[in-house]
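Raw contents of data.csv, CSV, C-alpha atoms:
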chain,number,residue,atom,x,y,z
C,1,MET,CA,-4.8,27.6,12.6
C,2,VAL,CA,-6.1,24.4,14.2
C,3,ASP,CA,-5.9,24.4,18.0
C,4,LEU,CA,-4.7,20.9,18.7
C,5,ARG,CA,-5.4,21.1,22.4
C,6,GLN,CA,-9.0,22.0,21.7
C,7,ARG,CA,-9.4,19.4,19.0
C,8,LEU,CA,-8.0,16.6,21.1
C,9,LYS,CA,-10.4,17.4,23.9
C,10,GLU,CA,-13.1,16.2,21.5
C,11,VAL,CA,-12.2,12.6,22.4
C,12,GLU,CA,-14.1,13.3,25.6
C,13,GLN,CA,-17.3,13.1,23.6
C,14,ASN,CA,-17.0,9.3,24.0
C,15,HIS,CA,-18.0,7.4,27.0
C,16,SER,CA,-15.3,6.6,29.6
C,17,PRO,CA,-16.4,3.5,31.6
C,18,ASP,CA,-15.9,3.2,35.3
C,19,LEU,CA,-13.4,0.3,35.5
C,20,TRP,CA,-12.7,0.2,39.2
C,21,ASP,CA,-14.7,-2.9,39.9
C,22,GLU,CA,-13.2,-4.7,37.0
C,23,ILE,CA,-9.7,-3.6,38.1
C,24,THR,CA,-10.2,-5.0,41.6
C,25,ALA,CA,-11.6,-8.2,40.4
C,26,ARG,CA,-9.1,-8.7,37.6
C,27,THR,CA,-6.1,-11.0,37.8
C,28,PRO,CA,-3.3,-9.2,36.0
C,29,SER,CA,-1.5,-11.1,33.3
C,30,HIS,CA,1.7,-10.7,35.2
C,31,ASP,CA,3.2,-8.7,38.1
C,32,GLU,CA,4.7,-5.5,36.7
C,33,ARG,CA,7.1,-3.7,38.9
C,34,GLY,CA,8.2,-0.1,38.5
C,35,ALA,CA,12.0,-0.4,38.3
C,36,PRO,CA,13.8,0.4,35.1
C,37,PRO,CA,14.1,-2.5,32.7
C,38,ARG,CA,17.8,-3.1,33.1
C,39,SER,CA,17.7,-3.3,36.8
C,40,ARG,CA,15.0,-5.9,36.6
C,41,VAL,CA,17.0,-8.6,34.9
C,42,VAL,CA,17.4,-11.5,37.3
C,43,ALA,CA,19.7,-14.2,36.1
C,44,GLY,CA,18.7,-17.7,37.0
C,45,VAL,CA,16.9,-20.7,35.8
C,46,VAL,CA,15.2,-19.9,32.5
C,47,GLY,CA,11.5,-20.2,32.6
C,48,ALA,CA,11.3,-19.4,36.2
C,49,ALA,CA,13.8,-16.7,37.2
C,50,VAL,CA,14.1,-14.1,34.4
C,51,ALA,CA,12.2,-11.0,35.4
C,52,ILE,CA,12.4,-7.9,33.3
C,53,ALA,CA,10.2,-4.8,33.6
C,54,GLY,CA,8.5,-3.3,30.7
C,55,PHE,CA,7.1,-5.0,27.7
C,56,THR,CA,9.3,-6.2,25.0
C,57,LEU,CA,6.7,-5.7,22.3
C,58,ALA,CA,5.9,-2.2,23.5
C,59,SER,CA,9.5,-1.3,23.8
C,60,ALA,CA,9.9,-2.3,20.2
C,61,SER,CA,7.0,-0.1,19.2
C,62,PHE,CA,8.5,2.8,21.0
C,63,GLY,CA,12.0,2.3,19.7
C,64,ARG,CA,13.7,1.2,22.9
C,65,SER,CA,14.3,-2.1,24.4
C,66,PRO,CA,16.1,-3.6,27.3
C,67,THR,CA,18.2,-5.4,24.8
C,68,ASP,CA,19.5,-4.8,21.3
C,69,LEU,CA,16.5,-5.0,19.0
C,70,THR,CA,18.4,-3.8,16.0
C,71,SER,CA,20.7,-6.8,15.9
C,72,ALA,CA,19.9,-9.0,13.0
C,73,ALA,CA,22.6,-11.5,13.8
C,74,PRO,CA,22.4,-13.0,17.3
C,75,THR,CA,25.5,-13.7,19.3
C,76,GLN,CA,26.1,-16.5,21.7
C,77,ASP,CA,27.0,-18.8,19.0
C,78,ALA,CA,23.4,-18.8,17.8
C,79,ALA,CA,22.4,-18.8,14.2
C,80,ARG,CA,19.3,-16.7,13.7
C,81,VAL,CA,17.6,-19.5,11.9
C,82,ASN,CA,17.9,-21.8,14.9
C,83,LEU,CA,16.2,-19.3,17.1
C,84,MET,CA,13.5,-18.8,14.5
C,85,GLU,CA,12.9,-22.6,14.4
C,86,ALA,CA,12.6,-22.6,18.2
C,87,GLY,CA,10.1,-19.7,18.0
C,88,ILE,CA,8.0,-21.4,15.4
C,89,ARG,CA,8.0,-24.6,17.3
C,90,ALA,CA,6.7,-22.7,20.4
C,91,VAL,CA,3.5,-21.8,18.7
C,92,ALA,CA,2.9,-23.8,15.5
C,93,HIS,CA,0.8,-26.9,15.2
C,94,PRO,CA,1.0,-29.7,12.6
C,95,ALA,CA,-0.7,-28.4,9.5
C,96,THR,CA,-1.3,-29.3,5.9
C,97,VAL,CA,0.1,-26.0,4.9
C,98,LEU,CA,2.3,-23.9,7.1
C,99,PHE,CA,2.8,-20.2,6.1
C,100,ILE,CA,5.7,-18.4,7.6
C,101,GLU,CA,6.2,-14.6,7.3
C,102,THR,CA,9.7,-13.7,6.2
C,103,SER,CA,9.5,-10.2,7.6
C,104,LEU,CA,10.5,-9.9,11.2
C,105,CYS,CA,8.6,-6.7,12.0
C,106,ARG,CA,6.2,-4.2,10.6
C,107,PRO,CA,7.6,-0.8,11.1
C,108,ASP,CA,5.8,2.5,11.0
C,109,PRO,CA,5.4,4.0,7.5
C,110,GLY,CA,8.6,5.4,6.2
C,111,GLN,CA,10.7,3.5,8.5
C,112,ASP,CA,12.7,0.3,7.9
C,113,CYS,CA,12.6,-2.9,9.8
C,114,PRO,CA,15.9,-3.1,11.8
C,115,ALA,CA,16.5,-6.7,10.8
C,116,PRO,CA,16.5,-8.1,7.3
C,117,PRO,CA,13.8,-10.7,6.4
C,118,LEU,CA,14.5,-14.4,6.4
C,119,THR,CA,17.1,-15.2,3.7
C,120,GLY,CA,16.8,-17.9,1.1
C,121,ASP,CA,19.2,-20.1,3.0
C,122,GLU,CA,17.3,-19.6,6.2
C,123,GLN,CA,14.0,-20.5,4.5
C,124,ARG,CA,15.5,-23.7,3.1
C,125,THR,CA,16.9,-24.6,6.5
C,126,LEU,CA,13.5,-24.0,8.2
C,127,ALA,CA,11.7,-25.9,5.5
C,128,ASP,CA,14.0,-28.9,6.1
C,129,GLY,CA,13.9,-28.6,9.9
C,130,LEU,CA,10.2,-28.2,10.3
C,131,GLY,CA,9.2,-31.1,8.1
C,132,ASP,CA,7.5,-32.8,11.0
C,133,LEU,CA,5.1,-29.9,11.3
C,134,SER,CA,4.1,-29.7,7.7
C,135,GLY,CA,5.0,-31.2,4.4
C,136,ASP,CA,4.1,-27.9,2.7
C,137,ILE,CA,5.9,-24.9,4.2
C,138,ARG,CA,5.5,-21.7,2.3
C,139,PHE,CA,7.2,-18.4,2.9
C,140,VAL,CA,5.4,-15.1,2.4
C,141,PRO,CA,6.6,-11.6,2.8
C,142,ALA,CA,3.5,-10.8,4.9
C,143,GLY,CA,0.2,-12.2,5.8
C,144,ALA,CA,-1.5,-10.1,3.2
C,145,ASP,CA,0.4,-12.1,0.5
C,146,ILE,CA,-1.5,-15.3,1.4
C,147,PRO,CA,-4.2,-15.8,-1.3
C,148,ALA,CA,-7.7,-15.4,0.2
C,149,ARG,CA,-8.6,-18.9,-1.0
C,150,GLU,CA,-5.9,-20.3,1.1
C,151,SER,CA,-6.2,-18.1,4.1
C,152,PRO,CA,-5.5,-19.9,7.5
C,153,ASP,CA,-8.4,-17.8,8.8
C,154,ALA,CA,-10.7,-20.0,6.8
C,155,PHE,CA,-9.1,-23.5,7.0
C,156,PRO,CA,-8.2,-25.3,10.2
C,157,ASP,CA,-5.5,-27.3,8.4
C,158,ARG,CA,-3.5,-24.2,7.5
C,159,GLU,CA,-1.5,-22.1,9.8
C,160,PHE,CA,0.2,-18.8,9.6
C,161,VAL,CA,3.2,-18.0,11.8
C,162,PHE,CA,5.0,-14.7,12.2
C,163,LEU,CA,8.0,-13.9,14.3
C,164,GLY,CA,9.8,-11.0,15.8
C,165,ILE,CA,13.5,-10.2,16.0
C,166,PRO,CA,15.4,-12.4,18.5
C,167,GLN,CA,16.7,-10.4,21.4
C,168,ASP,CA,19.9,-11.4,23.2
C,169,GLN,CA,19.3,-11.3,26.9
C,170,GLY,CA,22.9,-11.7,27.7
C,171,ASP,CA,22.4,-14.6,30.0
C,172,GLY,CA,22.5,-17.4,27.6
C,173,THR,CA,19.0,-17.0,26.4
C,174,PHE,CA,17.2,-15.1,23.7
C,175,TRP,CA,13.6,-13.8,23.7
C,176,ILE,CA,11.6,-14.0,20.5
C,177,GLU,CA,8.1,-13.0,19.7
C,178,ALA,CA,6.1,-15.7,17.9
C,179,ASN,CA,2.5,-15.9,16.9
C,180,ALA,CA,0.3,-18.4,15.1
C,181,ILE,CA,-3.1,-18.1,13.4
C,182,SER,CA,-5.3,-20.8,12.2
C,183,LYS,CA,-9.1,-21.0,11.9
C,184,GLY,CA,-10.6,-20.6,15.3
C,185,ARG,CA,-7.3,-20.5,16.9
C,186,ARG,CA,-4.7,-17.9,17.5
C,187,GLY,CA,-2.0,-17.5,20.1
C,188,GLY,CA,1.5,-16.3,20.8
C,189,GLY,CA,3.6,-14.0,22.8
C,190,THR,CA,7.3,-13.6,23.6
C,191,TYR,CA,9.2,-16.8,24.3
C,192,ILE,CA,12.4,-17.6,26.0
C,193,VAL,CA,14.8,-19.6,23.9
C,194,GLU,CA,17.7,-21.5,25.5
C,195,LYS,CA,20.2,-24.1,24.2
C,196,GLN,CA,19.2,-27.5,25.6
C,197,ASN,CA,21.5,-30.4,24.7
C,198,GLY,CA,22.9,-28.3,21.8
C,199,VAL,CA,19.5,-27.4,20.4
C,200,TRP,CA,17.9,-24.0,20.8
C,201,THR,CA,14.6,-24.7,22.4
C,202,SER,CA,11.6,-22.6,23.6
C,203,MET,CA,11.4,-22.7,27.4
C,204,GLY,CA,8.0,-21.0,27.6
C,205,ARG,CA,6.7,-17.5,27.6
C,206,ALA,CA,8.8,-14.7,28.9
C,207,PRO,CA,7.4,-13.2,32.1
C,208,GLY,CA,6.4,-9.6,31.9
C,209,THR,CA,5.4,-9.7,28.2
C,210,PRO,CA,2.0,-9.6,26.6
C,211,HIS,CA,0.5,-12.9,25.4
C,212,TRP,CA,-2.7,-14.0,23.8
C,213,GLY,CA,-4.4,-17.1,22.9
C,214,SER,CA,-7.8,-18.6,22.0
A,1,MET,CA,-6.7,2.5,60.8
A,2,GLN,CA,-6.0,0.9,57.4
A,3,THR,CA,-3.4,-1.8,57.0
A,4,GLY,CA,-0.4,-1.1,54.7
A,5,ARG,CA,-2.0,-3.0,51.8
A,6,ALA,CA,-5.4,-1.5,52.3
A,7,ALA,CA,-3.8,2.0,52.3
A,8,ILE,CA,-2.0,1.2,49.1
A,9,ALA,CA,-5.2,0.0,47.5
A,10,ALA,CA,-6.9,3.2,48.6
A,11,ASP,CA,-4.0,5.3,47.1
A,12,ILE,CA,-4.4,3.4,43.8
A,13,GLU,CA,-8.1,3.9,43.8
A,14,GLU,CA,-7.6,7.6,44.4
A,15,ALA,CA,-5.2,7.6,41.5
A,16,TYR,CA,-7.7,5.9,39.3
A,17,ARG,CA,-10.5,8.3,40.3
A,18,ALA,CA,-8.2,11.2,39.5
A,19,GLU,CA,-6.6,9.9,36.3
A,20,GLY,CA,-8.7,7.1,35.0
A,21,ASP,CA,-10.8,9.1,32.6
A,22,ARG,CA,-8.0,11.2,31.3
A,23,LEU,CA,-5.9,8.1,30.8
A,24,PHE,CA,-8.7,6.3,29.0
A,25,TYR,CA,-9.3,9.2,26.7
A,26,ALA,CA,-5.5,9.6,26.0
A,27,LEU,CA,-5.4,5.9,25.1
A,28,LEU,CA,-8.5,6.1,23.0
A,29,ALA,CA,-6.9,9.0,21.0
A,30,TYR,CA,-3.7,7.0,20.7
A,31,SER,CA,-5.2,3.7,19.7
A,32,GLY,CA,-8.5,4.7,18.1
A,33,ASP,CA,-10.1,1.7,19.8
A,34,PRO,CA,-12.2,1.9,22.9
A,35,GLU,CA,-11.5,-1.8,23.7
A,36,ILE,CA,-7.7,-1.2,23.6
A,37,ALA,CA,-8.1,1.8,25.8
A,38,ARG,CA,-10.3,0.0,28.3
A,39,GLU,CA,-8.1,-3.1,28.5
A,40,SER,CA,-4.9,-1.1,28.8
A,41,VAL,CA,-6.3,1.1,31.7
A,42,ALA,CA,-7.8,-1.9,33.5
A,43,GLU,CA,-4.7,-4.1,33.1
A,44,ALA,CA,-2.3,-1.3,34.2
A,45,PHE,CA,-4.2,-0.5,37.3
A,46,ALA,CA,-4.7,-4.2,38.1
A,47,ARG,CA,-1.0,-4.7,37.9
A,48,ALA,CA,-0.5,-1.6,40.1
A,49,LEU,CA,-2.7,-3.2,42.7
A,50,ALA,CA,-0.8,-6.5,42.5
A,51,SER,CA,2.6,-4.9,42.9
A,52,ALA,CA,1.9,-1.7,44.6
A,53,ALA,CA,4.7,-2.0,47.2
A,54,GLY,CA,7.2,-1.8,44.4
A,55,ILE,CA,5.9,1.4,42.8
A,56,ARG,CA,7.2,4.7,43.8
A,57,GLU,CA,4.8,7.0,41.9
A,58,ILE,CA,1.6,5.4,40.8
A,59,VAL,CA,0.4,7.9,38.2
A,60,PRO,CA,3.4,8.0,35.9
A,61,TRP,CA,3.7,4.3,36.3
A,62,VAL,CA,0.2,3.5,35.1
A,63,TRP,CA,0.6,5.9,32.3
A,64,GLN,CA,3.7,4.2,31.2
A,65,VAL,CA,2.4,0.7,31.6
A,66,SER,CA,-0.9,1.4,29.9
A,67,PHE,CA,0.7,3.1,26.9
A,68,ARG,CA,3.1,0.2,26.5
A,69,LEU,CA,0.2,-2.3,26.7
A,70,ALA,CA,-1.7,-0.3,24.0
A,71,ALA,CA,1.4,0.0,21.8
A,72,ALA,CA,1.9,-3.8,22.1
A,73,GLU,CA,-1.7,-4.5,21.1
A,74,LEU,CA,-1.5,-2.1,18.2
A,75,ARG,CA,1.6,-3.7,16.9
A,76,HIS,CA,0.1,-7.1,17.3
A,77,ARG,CA,-3.1,-6.1,15.5
A,78,SER,CA,-1.1,-4.5,12.6
A,79,ARG,CA,0.3,-7.9,11.9
A,80,LEU,CA,-3.0,-9.7,12.2
A,81,ALA,CA,-4.9,-7.1,10.1
A,82,PRO,CA,-4.3,-8.7,6.8
A,83,LEU,CA,-6.0,-11.8,8.0
A,84,THR,CA,-8.4,-10.7,10.5
A,85,GLU,CA,-10.7,-7.6,10.6
A,86,VAL,CA,-12.4,-7.4,13.9
A,87,GLN,CA,-14.8,-4.5,14.5
A,88,ASP,CA,-17.4,-5.4,17.1
A,89,HIS,CA,-18.0,-2.0,18.6
A,90,PRO,CA,-18.9,1.5,17.3
A,91,ALA,CA,-16.1,3.7,16.1
A,92,PRO,CA,-15.2,6.6,18.4
A,93,VAL,CA,-16.2,10.1,17.6
A,94,PRO,CA,-15.6,12.6,16.2
A,95,THR,CA,-14.7,10.7,13.1
A,96,ASN,CA,-12.6,13.5,11.5
A,97,LEU,CA,-10.3,13.6,14.5
A,98,PHE,CA,-9.8,9.9,14.7
A,99,GLU,CA,-9.3,9.5,11.0
A,100,ALA,CA,-6.6,12.2,11.1
A,101,LEU,CA,-4.9,10.6,14.1
A,102,ALA,CA,-4.9,7.3,12.4
A,103,ARG,CA,-2.8,8.7,9.6
A,104,LEU,CA,0.1,9.4,12.0
A,105,SER,CA,2.6,6.8,12.9
A,106,ASN,CA,2.2,5.2,16.4
A,107,ARG,CA,5.1,7.2,17.7
A,108,GLN,CA,3.9,10.5,16.4
A,109,ARG,CA,0.4,9.8,17.8
A,110,ALA,CA,1.8,8.9,21.2
A,111,ALA,CA,3.8,12.1,21.3
A,112,ILE,CA,0.9,14.3,20.2
A,113,VAL,CA,-1.6,12.8,22.5
A,114,LEU,CA,0.6,12.9,25.5
A,115,HIS,CA,1.6,16.5,24.8
A,116,TYR,CA,-1.6,18.1,23.5
A,117,TYR,CA,-4.2,16.1,25.4
A,118,ALA,CA,-2.5,14.9,28.6
A,119,GLY,CA,-0.3,18.0,28.9
A,120,TYR,CA,3.1,16.2,29.4
A,121,GLN,CA,6.3,18.0,28.5
A,122,LEU,CA,9.0,16.6,26.3
A,123,ASP,CA,11.1,15.2,29.1
A,124,GLU,CA,8.1,13.5,30.7
A,125,ILE,CA,7.0,12.0,27.4
A,126,ALA,CA,10.5,10.7,26.8
A,127,ALA,CA,10.5,9.0,30.2
A,128,LEU,CA,7.0,7.5,29.6
A,129,LEU,CA,7.9,6.2,26.2
A,130,GLY,CA,11.4,5.1,27.0
A,131,THR,CA,13.0,7.3,24.4
A,132,ARG,CA,15.1,10.5,24.1
A,133,ARG,CA,13.8,14.0,24.5
A,134,GLY,CA,15.1,14.9,21.0
A,135,THR,CA,13.3,12.0,19.4
A,136,VAL,CA,10.1,13.0,21.0
A,137,GLY,CA,10.6,16.5,19.8
A,138,VAL,CA,11.0,15.3,16.2
A,139,HIS,CA,7.9,13.1,16.4
A,140,LEU,CA,6.0,16.0,18.0
A,141,TYR,CA,7.0,18.5,15.3
A,142,ARG,CA,6.2,16.2,12.4
A,143,ALA,CA,2.9,15.1,14.0
A,144,ARG,CA,1.9,18.6,14.7
A,145,VAL,CA,2.4,19.7,11.1
A,146,ARG,CA,0.8,16.6,9.7
A,147,LEU,CA,-2.2,16.6,12.0
A,148,ARG,CA,-3.0,20.3,11.5
A,149,GLY,CA,-2.8,19.7,7.8
A,150,LEU,CA,-5.1,16.7,7.9
A,151,LEU,CA,-7.6,18.4,10.2
A,152,GLU,CA,-7.7,21.5,8.0
A,153,GLU,CA,-8.2,19.3,5.0
A,154,LYS,CA,-11.1,17.4,6.6
A,155,ASP,CA,-12.7,20.5,8.1
A,156,GLY,CA,-12.8,21.9,4.6
If you convert what's in this file into structure tokens, what do you get?
Amino acid sequence: MVDLRQRLKEVEQNHSPDLWDEITARTPSHDERGAPPRSRVVAGVVGAAVAIAGFTLASASFGRSPTDLTSAAPTQDAARVNLMEAGIRAVAHPATVLFIETSLCRPDPGQDCPAPPLTGDEQRTLADGLGDLSGDIRFVPAGADIPARESPDAFPDREFVFLGIPQDQGDGTFWIEANAISKGRRGGGTYIVEKQNGVWTSMGRAPGTPHWGS
Amino acid sequence: MQTGRAAIAADIEEAYRAEGDRLFYALLAYSGDPEIARESVAEAFARALASAAGIREIVPWVWQVSFRLAAAELRHRSRLAPLTEVQDHPAPVPTNLFEALARLSNRQRAAIVLHYYAGYQLDEIAALLGTRRGTVGVHLYRARVRLRGLLEEKDG
């Protein structure tokens, strides 16, 4: 019988770098405090005063979240498609072709995404609403479904956007993960979406969540 | 005599010296990627330094934060993978072990690494991963059966 403790010790055959100098010189991407996620919600002006511990993306990966990740239909009088549009606008650039992934997550093998993919109606609404970004908006189940000859990784005028499940923060805002990839450019993170003059609008990245960009 | 902040920094360095290697290796086993392991450890300890006064127990805190960072990066990469294949560093060894671990789900791998490598018990793993003890137990059971099978198969 395989001794798992012994086998896992084999990872120590690799080099472990001394990171202390890097740690002391590093500016953390945000200030993470140790309190439980729920106790860290601070209501206030969006974009400046929401602080939640933990990482939304990681929470999703581990199956728990400070909010209801399993809800496919947001509350607060928000249609999901409006939140999606705000998320897309947070990261997308004008492009000849804009690919949008219809799936809102990529679960572990054998598990289902807790939210259904973008519906046909939602896709039509987005295609209409995002006409200023691209005259050619195409929906794909996943990035892998984009033909190689049209890959946004190869063409600067094509962009691929994928989104996460909107999360109701219970304070009049939603958080939504949004990412965009184009040749030589990629970026994204978790964004705060709030209704401004009747329109759901991204108010910037949510504090305490991972983000990336190049 | 050290000031409060200097004392906290000293505590965090002590925690890093005591736990840094073990945490790096656990994250390496979990992610299969030295860069993710390195980044997650460095970022978690840097955040600890930046907000030390708010942390009650440094060690479990950095384990929790670094695993969440690694999980977020894995999830992010899983969605980028169809478009972008980035491999600019050597794969970790032994290959058989990492290939077998890669066949587990992220949650199964987290449970098995935290239990069999890091020595955490179910309750502690549940707290670190932000899930229930019973859920960890299920992941651990399934991961154990699957990983043993995969390693026996690979070992021939």
Contacts of C:Phe155 at 10 Å (only C-alpha atoms; same-chain gap of 6+ positions) as a CSV table (one decimal) with C-alpha atoms, keeping the file's coordinate frame:
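Wrote it out as out.csv, contents follow:
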chain,number,residue,atom,x,y,z
C,96,THR,CA,-1.3,-29.3,5.9
C,97,VAL,CA,0.1,-26.0,4.9
C,149,ARG,CA,-8.6,-18.9,-1.0
C,182,SER,CA,-5.3,-20.8,12.2
C,183,LYS,CA,-9.1,-21.0,11.9
C,184,GLY,CA,-10.6,-20.6,15.3
One residue among A:Ala18, A:Ala52, A:Ile36, A:Leu150 is nearest to A:Leu74 when using only C-alpha atoms, and that residue is A:Ile36
Correct to one decimal, the distance atom CA of C:Thr24-atom CA of A:Ala46 is 6.6 Å
Chain C contacts on chain A, only C-alpha atoms, 8 Å, as a ChimeraX atom specification | /A:13,16,21,24-25,28-29,38,42-43,45-52,54-56,61,65,68-72,75,78-80,82-84,92-94,97,105-107,113,116-117,129-131,148,151-152
Could you state the separation of atom CA of C:Leu130 and atom CA of C:Val91 in Å, given to one decimal place?
->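 If I compute the distance from atom CA of C:Leu130 to atom CA of C:Val91, I get 12.5 Å.
Checking A:Arg109, A:Arg5, A:His76, A:Arg142 one by one against C:Gly164, counting all atoms listed in the file, you find the shortest gap at A:His76.
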Residue with the minimum atom-to-atom distance to A:Gln64, picked from A:Arg22, A:Leu128, A:Pro34, A:Thr135 with only C-alpha atoms counted, is A:Leu128
How many Å separate atom CA of A:His115 from atom CA of C:Pro114?
-> 27.5 Å
Name the residues in contact with C:Gln196 at a cut-off of 12 Å, using only C-alpha atoms, excluding same-chain residues fewer than 5 positions from it; report them as an MDAnalysis selection string.
-> chainID C and resid 46 86 172:173 201:203
Which residues come within 9 Å of C:Gly87, counting only C-alpha atoms, excluding same-chain residues fewer than 5 positions away, as a PyMOL selection string?
-> chain C and resi 82+92+163-164+175-179+190-193+201-202
Hey, which of A:Leu23, A:Leu122, A:Ala111, A:Leu140 ends up closest to A:Pro60? Count only C-alpha atoms.
->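 Using only C-alpha atoms, A:Pro60 sits closest to A:Leu23.
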Using all atoms listed in the file, which residues sit within 6 Å of stretch 115-122 of chain C once same-chain residues fewer than 6 positions away are excluded, as a PyMOL selection string?
-> chain C and resi 72+81+102-104
If you keep C-alpha atoms, can you produce a file of those selected residues as a PDB file, in the coordinates of the input?
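Done, and the output landed in part-v1.pdb:
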ATOM      1  CA  ALA C  72      19.900  -9.000  13.000  1.00  0.00           C
ATOM      2  CA  VAL C  81      17.600 -19.500  11.900  1.00  0.00           C
ATOM      3  CA  THR C 102       9.700 -13.700   6.200  1.00  0.00           C
ATOM      4  CA  SER C 103       9.500 -10.200   7.600  1.00  0.00           C
ATOM      5  CA  LEU C 104      10.500  -9.900  11.200  1.00  0.00           C
TER       6      LEU C 104
END
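Non-sequential neighbours of C:Asp136 (distance at most 12 Å, separation of 4 or more positions within a chain, all atoms listed in the file) are Pro94, Ala95, Thr96, Val97, Leu98, Phe99, Ile100, Leu126, Ala127, Asp128, Leu130, Gly131, Asp132, Asp157, Arg158 and Glu159 of chain C.
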Could you write stretch 32-48 of chain A as a compact mmCIF listing (two decimals), in the coordinates of the input, with N, CA and C atoms rebuilt where they are missing?
# COMPACT_ATOMS: atom_id res chain seq x y z
N GLY A 32 -7.32 4.67 18.97
CA GLY A 32 -8.50 4.70 18.10
C GLY A 32 -9.48 3.60 18.41
N ASP A 33 -9.27 2.88 19.49
CA ASP A 33 -10.10 1.70 19.80
C ASP A 33 -10.48 1.69 21.24
N PRO A 34 -11.79 1.82 21.53
CA PRO A 34 -12.20 1.90 22.90
C PRO A 34 -11.83 0.59 23.70
N GLU A 35 -11.79 -0.53 23.01
CA GLU A 35 -11.50 -1.80 23.70
C GLU A 35 -10.00 -1.81 24.14
N ILE A 36 -9.13 -1.32 23.26
CA ILE A 36 -7.70 -1.20 23.60
C ILE A 36 -7.53 -0.28 24.81
N ALA A 37 -8.23 0.86 24.74
CA ALA A 37 -8.10 1.80 25.80
C ALA A 37 -8.60 1.24 27.13
N ARG A 38 -9.74 0.60 27.08
CA ARG A 38 -10.30 0.00 28.30
C ARG A 38 -9.41 -1.08 28.87
N GLU A 39 -8.97 -1.98 28.03
CA GLU A 39 -8.10 -3.10 28.50
C GLU A 39 -6.80 -2.56 29.06
N SER A 40 -6.23 -1.57 28.41
CA SER A 40 -4.90 -1.10 28.80
C SER A 40 -5.03 -0.38 30.20
N VAL A 41 -6.11 0.39 30.38
CA VAL A 41 -6.30 1.10 31.70
C VAL A 41 -6.54 0.02 32.76
N ALA A 42 -7.45 -0.91 32.51
CA ALA A 42 -7.80 -1.90 33.50
C ALA A 42 -6.59 -2.78 33.88
N GLU A 43 -5.85 -3.19 32.87
CA GLU A 43 -4.70 -4.10 33.10
C GLU A 43 -3.61 -3.31 33.89
N ALA A 44 -3.36 -2.07 33.50
CA ALA A 44 -2.30 -1.30 34.20
C ALA A 44 -2.64 -1.09 35.65
N PHE A 45 -3.88 -0.72 35.94
CA PHE A 45 -4.20 -0.50 37.30
C PHE A 45 -4.28 -1.82 38.11
N ALA A 46 -4.72 -2.89 37.46
CA ALA A 46 -4.70 -4.20 38.10
C ALA A 46 -3.30 -4.61 38.48
N ARG A 47 -2.37 -4.33 37.58
CA ARG A 47 -1.00 -4.70 37.90
C ARG A 47 -0.43 -3.76 39.00
N ALA A 48 -0.89 -2.53 39.00
CA ALA A 48 -0.50 -1.60 40.10
C ALA A 48 -0.94 -2.17 41.42
